[in-house]
>>> print(open('data-v3.cif').read())   # mmCIF, C-alpha atoms
data_structure
loop_
_atom_site.label_atom_id
_atom_site.label_comp_id
_atom_site.auth_asym_id
_atom_site.auth_seq_id
_atom_site.Cartn_x
_atom_site.Cartn_y
_atom_site.Cartn_z
CA MET A 1 27.01 -12.08 -5.94
CA ILE A 2 27.70 -12.43 -2.21
CA ALA A 3 31.18 -10.89 -2.60
CA ASN A 4 29.61 -7.90 -4.37
CA TRP A 5 26.97 -7.59 -1.69
CA ALA A 6 29.63 -7.44 1.01
CA SER A 7 31.24 -4.48 -0.72
CA TYR A 8 27.96 -2.51 -0.73
CA ALA A 9 26.99 -3.48 2.80
CA GLY A 10 28.29 -0.27 4.37
CA GLU A 11 26.54 2.00 1.88
CA LEU A 12 23.26 0.11 2.16
CA PHE A 13 23.51 0.20 5.95
CA GLU A 14 23.72 4.00 5.83
CA GLY A 15 20.50 3.94 3.80
CA LEU A 16 18.93 1.41 6.14
CA LYS A 17 19.46 3.77 9.08
CA ILE A 18 17.53 6.51 7.27
CA THR A 19 14.82 4.03 6.22
CA LEU A 20 14.37 2.98 9.85
CA LEU A 21 14.38 6.56 11.10
CA VAL A 22 11.78 7.60 8.52
CA THR A 23 9.68 4.50 9.30
CA LEU A 24 9.69 5.16 13.05
CA VAL A 25 8.99 8.89 12.86
CA ALA A 26 6.30 8.48 10.18
CA SER A 27 4.66 5.57 12.06
CA MET A 28 4.38 7.52 15.29
CA LEU A 29 2.95 10.53 13.49
CA THR A 30 0.58 8.28 11.52
CA VAL A 31 -0.87 6.69 14.67
CA ILE A 32 -1.55 10.18 16.07
CA TRP A 33 -2.86 11.54 12.73
CA ALA A 34 -5.05 8.48 12.03
CA SER A 35 -6.50 8.64 15.56
CA PHE A 36 -7.26 12.32 15.04
CA VAL A 37 -8.96 11.67 11.67
CA ALA A 38 -10.86 8.71 13.15
CA TRP A 39 -12.03 11.01 15.94
CA LEU A 40 -13.26 13.57 13.37
CA ARG A 41 -14.84 10.73 11.39
CA LEU A 42 -16.76 9.50 14.44
CA GLY A 43 -17.62 12.98 15.69
CA ARG A 44 -20.96 14.75 15.58
CA ASN A 45 -19.87 17.76 13.52
CA ARG A 46 -21.08 17.15 9.98
CA ILE A 47 -18.58 19.44 8.24
CA LEU A 48 -15.58 17.95 10.04
CA ARG A 49 -16.89 14.45 9.33
CA GLY A 50 -17.25 15.38 5.65
CA ILE A 51 -13.69 16.72 5.54
CA ALA A 52 -12.39 13.51 7.15
CA ILE A 53 -14.26 11.33 4.64
CA ALA A 54 -13.09 13.47 1.69
CA TYR A 55 -9.48 13.21 2.89
CA ILE A 56 -9.71 9.41 3.31
CA GLU A 57 -11.30 8.85 -0.11
CA LEU A 58 -8.92 11.27 -1.86
CA PHE A 59 -5.78 9.60 -0.52
CA ARG A 60 -7.10 6.06 -1.00
CA SER A 61 -8.01 6.72 -4.64
CA THR A 62 -4.78 8.30 -5.92
CA PRO A 63 -1.37 6.65 -6.39
CA ILE A 64 1.26 7.36 -3.75
CA ILE A 65 3.66 8.49 -6.49
CA ILE A 66 1.31 11.31 -7.47
CA GLN A 67 0.86 12.23 -3.79
CA ILE A 68 4.63 12.37 -3.35
CA PHE A 69 5.15 14.49 -6.47
CA ALA A 70 2.24 16.75 -5.60
CA ILE A 71 3.58 17.37 -2.09
CA PHE A 72 7.14 17.73 -3.35
CA THR A 73 6.53 20.00 -6.36
CA VAL A 74 3.20 21.78 -5.90
CA LEU A 75 3.90 23.05 -2.37
CA PRO A 76 7.26 24.70 -3.28
CA SER A 77 5.63 26.39 -6.27
CA ILE A 78 3.22 28.18 -3.93
CA GLY A 79 6.09 29.24 -1.73
CA LEU A 80 6.20 26.43 0.86
CA ARG A 81 9.74 25.07 0.73
CA ILE A 82 10.04 21.75 2.56
CA PRO A 83 13.28 19.70 2.64
CA PRO A 84 13.15 16.07 1.31
CA PHE A 85 13.08 14.44 4.75
CA GLU A 86 10.07 16.42 5.94
CA SER A 87 8.18 16.12 2.67
CA ALA A 88 8.84 12.36 2.62
CA ILE A 89 7.43 12.10 6.14
CA ALA A 90 4.43 14.25 5.19
CA ALA A 91 3.70 12.10 2.12
CA LEU A 92 3.98 8.85 4.09
CA VAL A 93 1.80 10.05 6.96
CA LEU A 94 -0.90 11.51 4.70
CA ASN A 95 -0.95 8.36 2.53
CA ALA A 96 -1.00 5.90 5.43
CA GLY A 97 -3.59 8.00 7.27
CA GLY A 98 -6.04 7.40 4.43
CA TYR A 99 -5.70 3.65 4.78
CA LEU A 100 -5.27 3.25 8.54
CA THR A 101 -8.02 5.51 9.86
CA GLU A 102 -10.57 2.73 9.39
CA ASN A 103 -8.20 0.43 11.23
CA VAL A 104 -7.97 2.77 14.22
CA ARG A 105 -11.71 3.39 14.16
CA SER A 106 -12.61 -0.29 14.41
CA ALA A 107 -9.92 -0.83 17.05
CA PHE A 108 -11.40 1.85 19.29
CA ARG A 109 -14.87 0.47 18.72
CA SER A 110 -13.75 -2.98 19.88
CA ILE A 111 -13.06 -1.73 23.43
CA PRO A 112 -16.08 -2.93 25.41
CA GLU A 113 -17.62 -0.05 27.37
CA GLY A 114 -19.28 -2.34 29.90
CA LEU A 115 -15.96 -3.33 31.44
CA THR A 116 -15.31 0.04 33.07
CA GLU A 117 -18.82 -0.04 34.51
CA VAL A 118 -18.14 -3.51 35.93
CA ALA A 119 -14.92 -2.16 37.47
CA ASP A 120 -16.90 0.67 39.10
CA ALA A 121 -19.50 -1.78 40.34
CA LEU A 122 -16.76 -3.90 41.91
CA GLY A 123 -15.59 -0.80 43.77
CA MET A 124 -12.17 -0.56 42.11
CA SER A 125 -10.20 2.59 42.87
CA PRO A 126 -9.60 4.84 39.82
CA TYR A 127 -5.89 3.88 39.82
CA THR A 128 -6.63 0.12 39.91
CA LYS A 129 -9.25 0.61 37.24
CA LEU A 130 -6.74 2.35 35.00
CA ARG A 131 -4.05 -0.28 35.61
CA ARG A 132 -6.23 -3.39 35.53
CA VAL A 133 -8.97 -2.51 33.04
CA ILE A 134 -8.44 0.56 30.86
CA LEU A 135 -4.71 0.25 30.09
CA PRO A 136 -4.71 -3.49 29.24
CA GLN A 137 -7.78 -3.07 27.04
CA SER A 138 -6.43 -0.12 25.08
CA LEU A 139 -2.95 -1.64 24.81
CA LYS A 140 -4.48 -4.83 23.48
CA VAL A 141 -6.14 -2.95 20.61
CA MET A 142 -3.27 -0.47 20.09
CA ILE A 143 -0.52 -3.08 19.61
CA PRO A 144 -2.00 -4.53 16.39
CA VAL A 145 -2.78 -1.01 15.16
CA CYS A 146 0.82 0.08 15.76
CA ALA A 147 2.19 -3.10 14.16
CA ASN A 148 -0.02 -2.59 11.09
CA THR A 149 1.08 1.03 10.84
CA LEU A 150 4.76 0.08 11.12
CA LEU A 151 4.39 -2.58 8.41
CA PHE A 152 2.41 -0.28 6.11
CA ILE A 153 4.91 2.58 6.46
CA LEU A 154 7.90 0.24 6.18
CA LEU A 155 6.63 -1.08 2.85
CA THR A 156 5.90 2.43 1.51
CA THR A 157 9.24 4.03 2.53
CA PRO A 158 11.05 2.81 -0.63
CA PHE A 159 8.73 5.07 -2.65
CA VAL A 160 10.21 8.23 -1.15
CA PHE A 161 13.50 7.79 -3.03
CA LEU A 162 11.51 9.71 -5.66
CA VAL A 163 12.13 12.93 -3.70
CA GLY A 164 15.83 12.14 -3.45
CA LEU A 165 15.93 11.04 0.17
CA GLN A 166 19.09 8.93 0.69
CA GLU A 167 17.28 5.90 2.12
CA MET A 168 17.99 2.25 1.28
CA MET A 169 16.18 2.19 -2.08
CA MET A 170 18.02 5.35 -3.22
CA LYS A 171 21.35 3.81 -2.18
CA ALA A 172 20.45 0.65 -4.13
CA ASN A 173 19.68 2.78 -7.20
CA THR A 174 23.01 4.58 -6.87
CA ILE A 175 24.87 1.27 -6.48
CA GLN A 176 23.10 -0.23 -9.49
CA ALA A 177 23.82 2.83 -11.63
CA ARG A 178 27.50 2.79 -10.61
CA THR A 179 28.26 -0.94 -10.85
CA GLY A 180 25.49 -2.28 -13.09
CA ASP A 181 24.86 -5.02 -10.52
CA TYR A 182 21.08 -5.21 -10.21
CA THR A 183 21.16 -8.09 -7.69
CA VAL A 184 21.44 -5.30 -5.11
CA PHE A 185 17.63 -4.98 -5.45
CA PHE A 186 17.36 -8.64 -4.46
CA LEU A 187 19.41 -7.90 -1.35
CA VAL A 188 17.19 -4.91 -0.55
CA SER A 189 14.08 -7.11 -0.94
CA ILE A 190 15.55 -9.65 1.49
CA ILE A 191 16.28 -6.90 4.02
CA TYR A 192 12.66 -5.69 3.77
CA VAL A 193 11.32 -9.23 4.25
CA VAL A 194 13.49 -9.64 7.36
CA LEU A 195 12.38 -6.27 8.73
CA SER A 196 8.68 -7.03 8.26
CA LEU A 197 9.19 -10.46 9.85
CA LEU A 198 10.77 -8.71 12.86
CA VAL A 199 7.77 -6.36 13.18
CA HIS A 200 5.41 -9.38 13.09
CA LEU A 201 7.40 -11.27 15.74
CA GLY A 202 7.79 -8.17 17.91
CA ALA A 203 4.05 -7.50 17.83
CA ASN A 204 3.27 -11.13 18.75
CA VAL A 205 5.67 -11.13 21.69
CA LEU A 206 4.40 -7.75 22.94
CA GLU A 207 0.80 -8.86 22.68
CA ARG A 208 1.46 -12.00 24.73
CA ARG A 209 3.51 -10.05 27.30
CA THR A 210 0.96 -7.29 27.87
CA ILE A 211 -1.91 -9.70 28.28
CA SER A 212 -0.11 -11.85 30.85
CA HIS A 213 1.54 -8.89 32.59
CA PHE A 214 -1.42 -7.10 34.12
CA MET B 1 2.75 33.50 0.88
CA ILE B 2 -0.44 34.98 -0.61
CA ASP B 3 1.69 37.02 -3.03
CA SER B 4 3.58 33.96 -4.18
CA PHE B 5 0.30 32.14 -4.67
CA PHE B 6 -0.89 34.77 -7.16
CA PHE B 7 2.54 34.89 -8.76
CA TRP B 8 2.30 31.14 -9.15
CA LEU B 9 -1.19 31.39 -10.66
CA ALA B 10 -0.04 33.97 -13.21
CA GLU B 11 3.10 32.06 -14.08
CA MET B 12 1.27 28.78 -14.19
CA ASP B 13 -1.27 29.96 -16.77
CA ALA B 14 1.29 30.24 -19.55
CA ASN B 15 2.63 26.70 -19.29
CA PHE B 16 -0.38 25.08 -17.74
CA ALA B 17 -2.73 25.60 -20.70
CA GLN B 18 -0.20 24.13 -23.10
CA SER B 19 0.70 21.18 -20.91
CA LEU B 20 -2.94 20.45 -20.21
CA TYR B 21 -3.53 20.40 -23.97
CA LEU B 22 -0.63 17.98 -24.48
CA PHE B 23 -1.86 15.90 -21.52
CA LEU B 24 -5.39 15.54 -22.92
CA GLN B 25 -4.00 14.75 -26.35
CA ARG B 26 -1.85 11.90 -25.04
CA LEU B 27 -4.29 10.69 -22.39
CA PRO B 28 -6.07 7.95 -24.44
CA GLY B 29 -2.79 6.22 -25.35
CA ALA B 30 -1.43 6.52 -21.82
CA LEU B 31 -4.71 5.32 -20.34
CA TRP B 32 -4.49 2.26 -22.56
CA ILE B 33 -1.00 1.45 -21.23
CA THR B 34 -2.17 1.94 -17.63
CA LEU B 35 -5.09 -0.42 -18.25
CA GLN B 36 -2.81 -2.96 -19.93
CA VAL B 37 -0.46 -2.99 -16.94
CA THR B 38 -3.34 -3.09 -14.43
CA LEU B 39 -5.35 -5.85 -16.09
CA GLY B 40 -2.27 -7.85 -17.10
CA ALA B 41 -0.94 -7.72 -13.55
CA CYS B 42 -4.35 -8.67 -12.09
CA ILE B 43 -4.75 -11.63 -14.42
CA MET B 44 -1.23 -12.81 -13.67
CA ALA B 45 -1.69 -12.38 -9.93
CA SER B 46 -4.92 -14.40 -10.09
CA LEU B 47 -3.41 -17.18 -12.18
CA LEU B 48 -0.50 -17.49 -9.74
CA GLY B 49 -2.45 -16.70 -6.59
CA PHE B 50 -5.23 -19.25 -7.02
CA PRO B 51 -2.96 -22.35 -7.08
CA LEU B 52 -1.05 -20.80 -4.19
CA ALA B 53 -4.26 -20.52 -2.15
CA LEU B 54 -5.12 -24.14 -3.01
CA ALA B 55 -1.61 -25.19 -1.95
CA GLU B 56 -2.01 -23.35 1.36
CA ARG B 57 -4.97 -25.61 2.16
CA SER B 58 -3.24 -28.77 0.94
CA PRO B 59 -3.34 -31.73 3.36
CA VAL B 60 0.28 -32.46 2.40
CA ARG B 61 2.25 -30.58 5.04
CA TRP B 62 5.30 -29.49 3.05
CA VAL B 63 3.09 -28.14 0.27
CA SER B 64 0.98 -26.01 2.59
CA VAL B 65 4.00 -24.83 4.60
CA THR B 66 5.88 -23.85 1.42
CA ALA B 67 2.85 -21.96 0.12
CA LYS B 68 2.42 -20.12 3.43
CA ILE B 69 6.10 -19.16 3.50
CA LEU B 70 5.89 -17.90 -0.10
CA VAL B 71 2.86 -15.75 0.71
CA GLY B 72 4.54 -14.43 3.87
CA ILE B 73 7.71 -13.51 1.99
CA GLY B 74 5.72 -11.94 -0.84
CA GLN B 75 3.79 -9.71 1.56
CA GLY B 76 7.07 -8.44 3.02
CA ILE B 77 8.56 -7.17 -0.25
CA PRO B 78 7.81 -3.55 -1.18
CA LEU B 79 6.99 -2.68 -4.80
CA PRO B 80 9.99 -0.49 -5.79
CA PRO B 81 12.89 -2.96 -5.33
CA LEU B 82 10.80 -5.76 -6.85
CA VAL B 83 10.02 -3.72 -9.98
CA PHE B 84 13.68 -2.80 -10.49
CA LEU B 85 14.88 -6.35 -9.81
CA ILE B 86 12.45 -7.89 -12.30
CA TYR B 87 12.98 -5.13 -14.87
CA PHE B 88 16.75 -5.58 -14.97
CA THR B 89 16.52 -9.38 -14.76
CA SER B 90 14.08 -9.57 -17.66
CA LEU B 91 16.25 -7.12 -19.66
CA SER B 92 19.17 -9.52 -19.30
CA LEU B 93 17.03 -12.40 -20.60
CA PHE B 94 15.07 -10.79 -23.48
CA PRO B 95 14.49 -7.27 -24.85
CA ALA B 96 11.65 -6.46 -22.45
CA THR B 97 9.75 -3.19 -22.85
CA PRO B 98 9.13 -1.19 -19.65
CA THR B 99 5.41 -1.95 -20.00
CA GLN B 100 6.01 -5.70 -20.12
CA ALA B 101 8.47 -5.63 -17.23
CA ALA B 102 6.08 -3.48 -15.18
CA THR B 103 3.16 -5.85 -15.85
CA LEU B 104 5.28 -8.83 -14.88
CA SER B 105 6.62 -7.29 -11.68
CA ILE B 106 3.37 -5.73 -10.49
CA GLY B 107 1.68 -9.10 -11.22
CA ILE B 108 4.20 -10.91 -9.04
CA PHE B 109 3.90 -8.20 -6.37
CA THR B 110 0.10 -8.63 -6.28
CA MET B 111 0.26 -12.46 -6.24
CA PRO B 112 0.36 -13.00 -2.43
CA TYR B 113 -2.51 -10.54 -1.93
CA ALA B 114 -4.52 -12.37 -4.61
CA ALA B 115 -3.71 -15.63 -2.82
CA ALA B 116 -5.13 -14.15 0.40
CA VAL B 117 -8.33 -13.18 -1.46
CA PHE B 118 -8.68 -16.70 -2.88
CA ARG B 119 -7.93 -18.25 0.51
CA ALA B 120 -10.90 -16.36 1.97
CA GLY B 121 -13.00 -17.52 -0.99
CA LEU B 122 -12.03 -21.15 -0.51
CA ARG B 123 -12.83 -20.94 3.19
CA ALA B 124 -16.36 -19.89 2.20
CA VAL B 125 -16.99 -23.28 0.52
CA PRO B 126 -18.84 -25.55 2.98
CA GLU B 127 -16.95 -28.77 3.79
CA GLY B 128 -20.14 -30.77 3.22
CA GLN B 129 -20.35 -29.78 -0.44
CA ILE B 130 -16.83 -31.06 -1.04
CA GLU B 131 -17.54 -34.29 0.89
CA VAL B 132 -20.62 -34.93 -1.26
CA ALA B 133 -18.71 -34.32 -4.49
CA LYS B 134 -15.96 -36.65 -3.32
CA ALA B 135 -18.49 -39.30 -2.31
CA MET B 136 -19.95 -39.07 -5.82
CA GLY B 137 -16.51 -39.95 -7.13
CA MET B 138 -15.79 -36.58 -8.72
CA PRO B 139 -12.18 -36.29 -9.93
CA PRO B 140 -10.24 -33.50 -8.12
CA LEU B 141 -10.05 -31.13 -11.13
CA THR B 142 -13.77 -31.48 -11.87
CA LEU B 143 -14.47 -30.84 -8.18
CA ILE B 144 -12.54 -27.54 -8.35
CA ARG B 145 -14.31 -26.56 -11.58
CA ARG B 146 -17.86 -27.58 -10.66
CA VAL B 147 -17.99 -27.03 -6.89
CA THR B 148 -15.16 -24.97 -5.41
CA LEU B 149 -14.92 -22.26 -8.08
CA PRO B 150 -18.62 -21.37 -8.47
CA ILE B 151 -19.16 -21.06 -4.72
CA SER B 152 -15.97 -19.17 -3.92
CA LEU B 153 -16.26 -16.75 -6.86
CA ARG B 154 -19.21 -15.06 -5.18
CA VAL B 155 -16.96 -14.10 -2.27
CA VAL B 156 -13.86 -13.57 -4.38
CA LEU B 157 -15.07 -11.27 -7.17
CA PRO B 158 -15.71 -8.10 -5.10
CA SER B 159 -12.41 -8.56 -3.23
CA LEU B 160 -10.60 -9.04 -6.54
CA GLY B 161 -12.22 -5.78 -7.68
CA HIS B 162 -10.74 -3.95 -4.67
CA LEU B 163 -7.39 -5.55 -5.42
CA ALA B 164 -7.69 -4.32 -9.03
CA VAL B 165 -8.20 -0.75 -7.78
CA VAL B 166 -5.06 -1.02 -5.62
CA THR B 167 -3.23 -2.48 -8.64
CA LEU B 168 -4.36 0.47 -10.77
CA LEU B 169 -2.78 2.81 -8.22
CA ASN B 170 0.37 0.64 -8.06
CA SER B 171 0.60 0.60 -11.86
CA SER B 172 1.73 4.23 -11.74
CA PHE B 173 5.09 2.91 -10.55
CA ALA B 174 5.61 1.59 -14.11
CA SER B 175 6.53 5.18 -14.98
CA VAL B 176 9.69 4.93 -12.88
CA ILE B 177 11.19 2.31 -15.22
CA GLY B 178 10.15 4.39 -18.24
CA ALA B 179 6.68 3.18 -19.24
CA THR B 180 4.52 5.96 -20.74
CA ASP B 181 1.42 5.19 -18.70
CA ILE B 182 -0.65 8.08 -17.32
CA THR B 183 1.98 8.94 -14.70
CA GLY B 184 4.96 8.50 -17.05
CA MET B 185 3.41 10.49 -19.88
CA SER B 186 2.50 13.34 -17.50
CA ARG B 187 5.94 13.30 -15.92
CA ASN B 188 7.49 13.83 -19.35
CA ILE B 189 5.20 16.78 -20.04
CA ILE B 190 5.76 18.28 -16.59
CA ASN B 191 9.54 17.96 -16.86
CA ALA B 192 9.54 19.54 -20.32
CA ASN B 193 7.22 22.45 -19.44
CA PHE B 194 7.90 22.94 -15.70
CA SER B 195 4.18 22.81 -15.11
CA THR B 196 3.92 21.05 -11.77
CA THR B 197 0.25 21.98 -11.37
CA LEU B 198 -0.50 19.23 -13.85
CA TRP B 199 0.14 16.69 -11.03
CA LEU B 200 -3.20 17.74 -9.54
CA VAL B 201 -4.93 16.96 -12.85
CA VAL B 202 -3.16 13.59 -13.03
CA GLY B 203 -4.29 12.80 -9.50
CA ALA B 204 -7.84 13.73 -10.50
CA VAL B 205 -7.73 11.29 -13.45
CA TYR B 206 -6.74 8.38 -11.18
CA PHE B 207 -9.35 9.47 -8.64
CA LEU B 208 -12.09 9.55 -11.30
CA ILE B 209 -11.32 5.94 -12.17
CA ALA B 210 -10.57 4.49 -8.73
CA PHE B 211 -13.23 6.19 -6.62
CA PRO B 212 -16.37 5.23 -8.63
CA VAL B 213 -15.11 1.66 -9.02
CA SER B 214 -14.53 1.17 -5.30
CA ARG B 215 -17.89 2.79 -4.50
CA LEU B 216 -19.59 0.42 -6.95
CA LEU B 217 -17.83 -2.57 -5.37
CA LEU B 218 -18.94 -1.52 -1.89
CA ARG B 219 -22.51 -1.31 -3.18
CA ILE B 220 -22.28 -4.77 -4.73
CA GLU B 221 -21.00 -6.15 -1.44
CA GLY B 222 -23.95 -4.51 0.27
CA ARG B 223 -21.77 -2.72 2.80
CA THR B 224 -23.67 0.34 3.96
CA ASN B 225 -21.61 1.33 6.98
CA ARG B 226 -20.41 4.53 5.30
#
>>> encode(input="data-v3.cif", output="structure tokens")
Amino acid sequence: MIANWASYAGELFEGLKITLLVTLVASMLTVIWASFVAWLRLGRNRILRGIAIAYIELFRSTPIIIQIFAIFTVLPSIGLRIPPFESAIAALVLNAGGYLTENVRSAFRSIPEGLTEVADALGMSPYTKLRRVILPQSLKVMIPVCANTLLFILLTTPFVFLVGLQEMMMKANTIQARTGDYTVFFLVSIIYVVLSLLVHLGANVLERRTISHF
Amino acid sequence: MIDSFFFWLAEMDANFAQSLYLFLQRLPGALWITLQVTLGACIMASLLGFPLALAERSPVRWVSVTAKILVGIGQGIPLPPLVFLIYFTSLSLFPATPTQAATLSIGIFTMPYAAAVFRAGLRAVPEGQIEVAKAMGMPPLTLIRRVTLPISLRVVLPSLGHLAVVTLLNSSFASVIGATDITGMSRNIINANFSTTLWLVVGAVYFLIAFPVSRLLLRIEGRTNR
């Protein structure tokens, strides 16, 4: 088993690079997109709020496979041709946005408003206030949000092999079809467990650092 | 772009009506398979997840640490590789149908999340109740049956309902290993008739099941923040 694994390592690593690239790009876009939807969701405009709620409910109540196929096949049939990489990213961001908007919303709500007033009352300069109060507070809530987003996207990337993107899951499929060795899926699972462990550890370290740093 | 939209509409009509007819004809059977996978996986996840949640709270250190590690590992594995791994493994052991393999793998996938639900439920049981039962000399299994379960179920049932909705959505992955659930059946029709518009109808079917159920669950929980 291990000897076989060693012979696929190079091929899987090529896929891993794409998986990581897709995860990073989609995560960054998701944080921006989810913040935007959360802003619409919290806003005063009733129509925009309705659209945000409809989007969230629609994407939370349909399977990601259908979302991927819909984006990948329905859009080209109305003349929008999108290559696999971009449509994979679009599917991941739209799917994750439905789940993570609530996350972002509650994170922004947890920033206490009184603190900036206290800083003003203490006579802090705007720069000190930004460095000592606003940045640490928003970083403290943004780190868990980013970590959650990374984990969520990481665990949904293997679905996008359905659009033919050559990421790790697709490589594993190719290897299994060629050699018949299905233990390659075990190896892929281990790699995902290690990656999600790394995200957890990274988030913990960052959280401790930022809190002690300011 | 507008032109191609109308072209698409005109072209779609021919195949769409026929594929929609086929879709509706096969929907009851496919719906049954989807429900089988969803409920089977939920039951399996609960049966495996409950002892795991108990083990996580065990006073014996190696038991609780092992359970926590298992849950941690389980929450780090994505669905696709797990489904393929279990499908091919079970094929090498017995002639498994795609539906059986999908139920098994989605059940195992959902297990750590079910364990998390049960952990929250167990935490809701007041220590005092357990102390009293112990003081009365209740044997451990009776204590679980008469005290722990009834109290924690009140917290657990709505969360299990939400988990079931997520499992319904995950069950569509069964189509990738060849099960003819709603997604698999539609995929066959779409591939045969080139009628991609049908995906929107398929999405609507899942939405019509998942959305009312999660709304109902929110109402049961009494959450009115939406």
>>> closest_atom_pairs(input="data-v3.cif", of="chain B", to="chain A", cutoff="7 Å", atoms="only C-alpha atoms", output="CSV")
residue,atom,partner,partner_atom,distance
B:Met1,CA,A:Gly79,CA,6.0
B:Ser4,CA,A:Ile78,CA,5.8
B:Phe5,CA,A:Ile78,CA,5.0
B:Trp8,CA,A:Ile78,CA,6.1
B:Ile73,CA,A:Val193,CA,6.0
B:Gly76,CA,A:Val193,CA,4.5
B:Ile77,CA,A:Ser189,CA,5.6
B:Pro78,CA,A:Leu155,CA,4.9
B:Pro80,CA,A:Pro158,CA,6.2
B:Pro81,CA,A:Phe185,CA,5.2
B:Leu82,CA,A:Ser189,CA,6.9
B:Phe84,CA,A:Phe185,CA,6.8
B:Leu85,CA,A:Phe185,CA,5.3
B:Phe88,CA,A:Tyr182,CA,6.4
B:Leu169,CA,A:Pro63,CA,4.5
B:Asn170,CA,A:Pro63,CA,6.5
B:Ser172,CA,A:Pro63,CA,6.6
B:Thr196,CA,A:Val74,CA,6.0
B:Thr197,CA,A:Val74,CA,6.2
B:Trp199,CA,A:Ala70,CA,5.8
B:Leu200,CA,A:Ala70,CA,6.8
B:Gly203,CA,A:Thr62,CA,5.8
B:Tyr206,CA,A:Thr62,CA,5.6
B:Phe207,CA,A:Ser61,CA,5.0
B:Ala210,CA,A:Ser61,CA,5.3
B:Phe211,CA,A:Ser61,CA,5.6
>>> closest_residue(input="data-v3.cif", among="A:Thr149, A:Thr179, A:Thr128, A:Thr116", to="Leu92 (chain A)", atoms="all atoms listed in the file")
A:Thr149
>>> atom_distance(input="data-v3.cif", atom1="CA of Ala101 (chain B)", atom2="CA of Val83 (chain B)")
7.7 Å
>>> residues_around(input="data-v3.cif", residues="Phe194 (chain B)", least_positions_apart="4", cutoff="10 Å", atoms="all atoms listed in the file", output="ChimeraX atom specification")
/A:73 /B:12,15-16,19,187-190,198
>>> residues_around(input="data-v3.cif", residues="Gly74 (chain B)", least_positions_apart="3", cutoff="8 Å", atoms="all atoms listed in the file", output="list of chain:residue names")
B:Leu70, B:Val71, B:Ile77, B:Phe109, B:Met111, B:Pro112
>>> closest_residue(input="data-v3.cif", among="B:Gln18, B:Ala124, B:Ala67, B:Pro98", to="Asp181 (chain B)", atoms="all atoms listed in the file")
B:Pro98
>>> resolve_selection(input="data-v3.cif", expression="the PyMOL selection byres ((chain B and resi 118) around 8)", output="PyMOL selection string")
chain B and resi 49-50+53+114-117+119-122+152+156
>>> atom_distance(input="data-v3.cif", atom1="CA of Gln25 (chain B)", atom2="CA of Leu208 (chain B)")
17.9 Å
>>> resolve_selection(input="data-v3.cif", expression="the PyMOL selection byres ((chain B and resi 45) around 10)", output="list in words")
Leu39, Gly40, Ala41, Cys42, Ile43, Met44, Ser46, Leu47, Leu48, Gly49, Phe50, Leu104, Ser105, Ile106, Gly107, Ile108, Phe109, Thr110, Met111, Pro112, Tyr113, Ala114, Ala115 and Leu163 of chain B
>>> resolve_selection(input="data-v3.cif", expression="the PyMOL selection byres ((chain B and resi 30) around 8)", output="list of chain:residue names")
B:Arg26, B:Leu27, B:Pro28, B:Gly29, B:Leu31, B:Trp32, B:Ile33, B:Thr34, B:Thr180, B:Asp181, B:Ile182, B:Met185
>>> atom_distance(input="data-v3.cif", atom1="CA of Gly222 (chain B)", atom2="CA of Pro144 (chain A)")
27.2 Å
>>> residues_around(input="data-v3.cif", residues="Pro126 (chain B)", least_positions_apart="5", cutoff="12 Å", atoms="only C-alpha atoms", output="PDB file with C-alpha atoms, in the frame of the given file")
ATOM      1  CA  GLY B 121     -13.000 -17.520  -0.990  1.00  0.00           C
ATOM      2  CA  GLU B 131     -17.540 -34.290   0.890  1.00  0.00           C
ATOM      3  CA  VAL B 132     -20.620 -34.930  -1.260  1.00  0.00           C
ATOM      4  CA  ALA B 133     -18.710 -34.320  -4.490  1.00  0.00           C
ATOM      5  CA  VAL B 147     -17.990 -27.030  -6.890  1.00  0.00           C
ATOM      6  CA  THR B 148     -15.160 -24.970  -5.410  1.00  0.00           C
ATOM      7  CA  ILE B 151     -19.160 -21.060  -4.720  1.00  0.00           C
ATOM      8  CA  SER B 152     -15.970 -19.170  -3.920  1.00  0.00           C
TER       9      SER B 152
END
>>> axis_aligned_box(input="data-v3.cif", around="region 77-96 of chain A", padding_each_side="3 Å", output="AutoDock Vina command-line options")
--center_x 6.1 --center_y 17.6 --center_z 0.3 --size_x 20.3 --size_y 29.3 --size_z 19.2
>>> closest_residue(input="data-v3.cif", among="A:Gly10, A:Gly98, A:Ile18, A:Lys171", to="Ala54 (chain A)", atoms="all atoms listed in the file")
A:Gly98
>>> residues_around(input="data-v3.cif", residues="Phe108 (chain A)", least_positions_apart="2", cutoff="9 Å", atoms="all atoms listed in the file", output="list of chain:residue names")
A:Asn103, A:Val104, A:Arg105, A:Ser106, A:Ser110, A:Ile111, A:Ser138, A:Val141, A:Met142
>>> write_last_selection(input="data-v3.cif", atoms="C-alpha atoms", output="short mmCIF file (atom, residue, chain, number, x, y, z; two decimals), keeping the file's coordinate frame")
data_model
loop_
_atom_site.label_atom_id
_atom_site.label_comp_id
_atom_site.auth_asym_id
_atom_site.auth_seq_id
_atom_site.Cartn_x
_atom_site.Cartn_y
_atom_site.Cartn_z
CA ASN A 103 -8.20 0.43 11.23
CA VAL A 104 -7.97 2.77 14.22
CA ARG A 105 -11.71 3.39 14.16
CA SER A 106 -12.61 -0.29 14.41
CA SER A 110 -13.75 -2.98 19.88
CA ILE A 111 -13.06 -1.73 23.43
CA SER A 138 -6.43 -0.12 25.08
CA VAL A 141 -6.14 -2.95 20.61
CA MET A 142 -3.27 -0.47 20.09
#
>>> residues_around(input="data-v3.cif", residues="Val31 (chain A)", least_positions_apart="3", cutoff="9 Å", atoms="all atoms listed in the file", output="list in words")
Ala26, Ser27, Met28, Ala34, Ser35, Phe36, Val93, Gly97, Leu100, Thr101, Val104, Val145, Cys146 and Thr149 of chain A
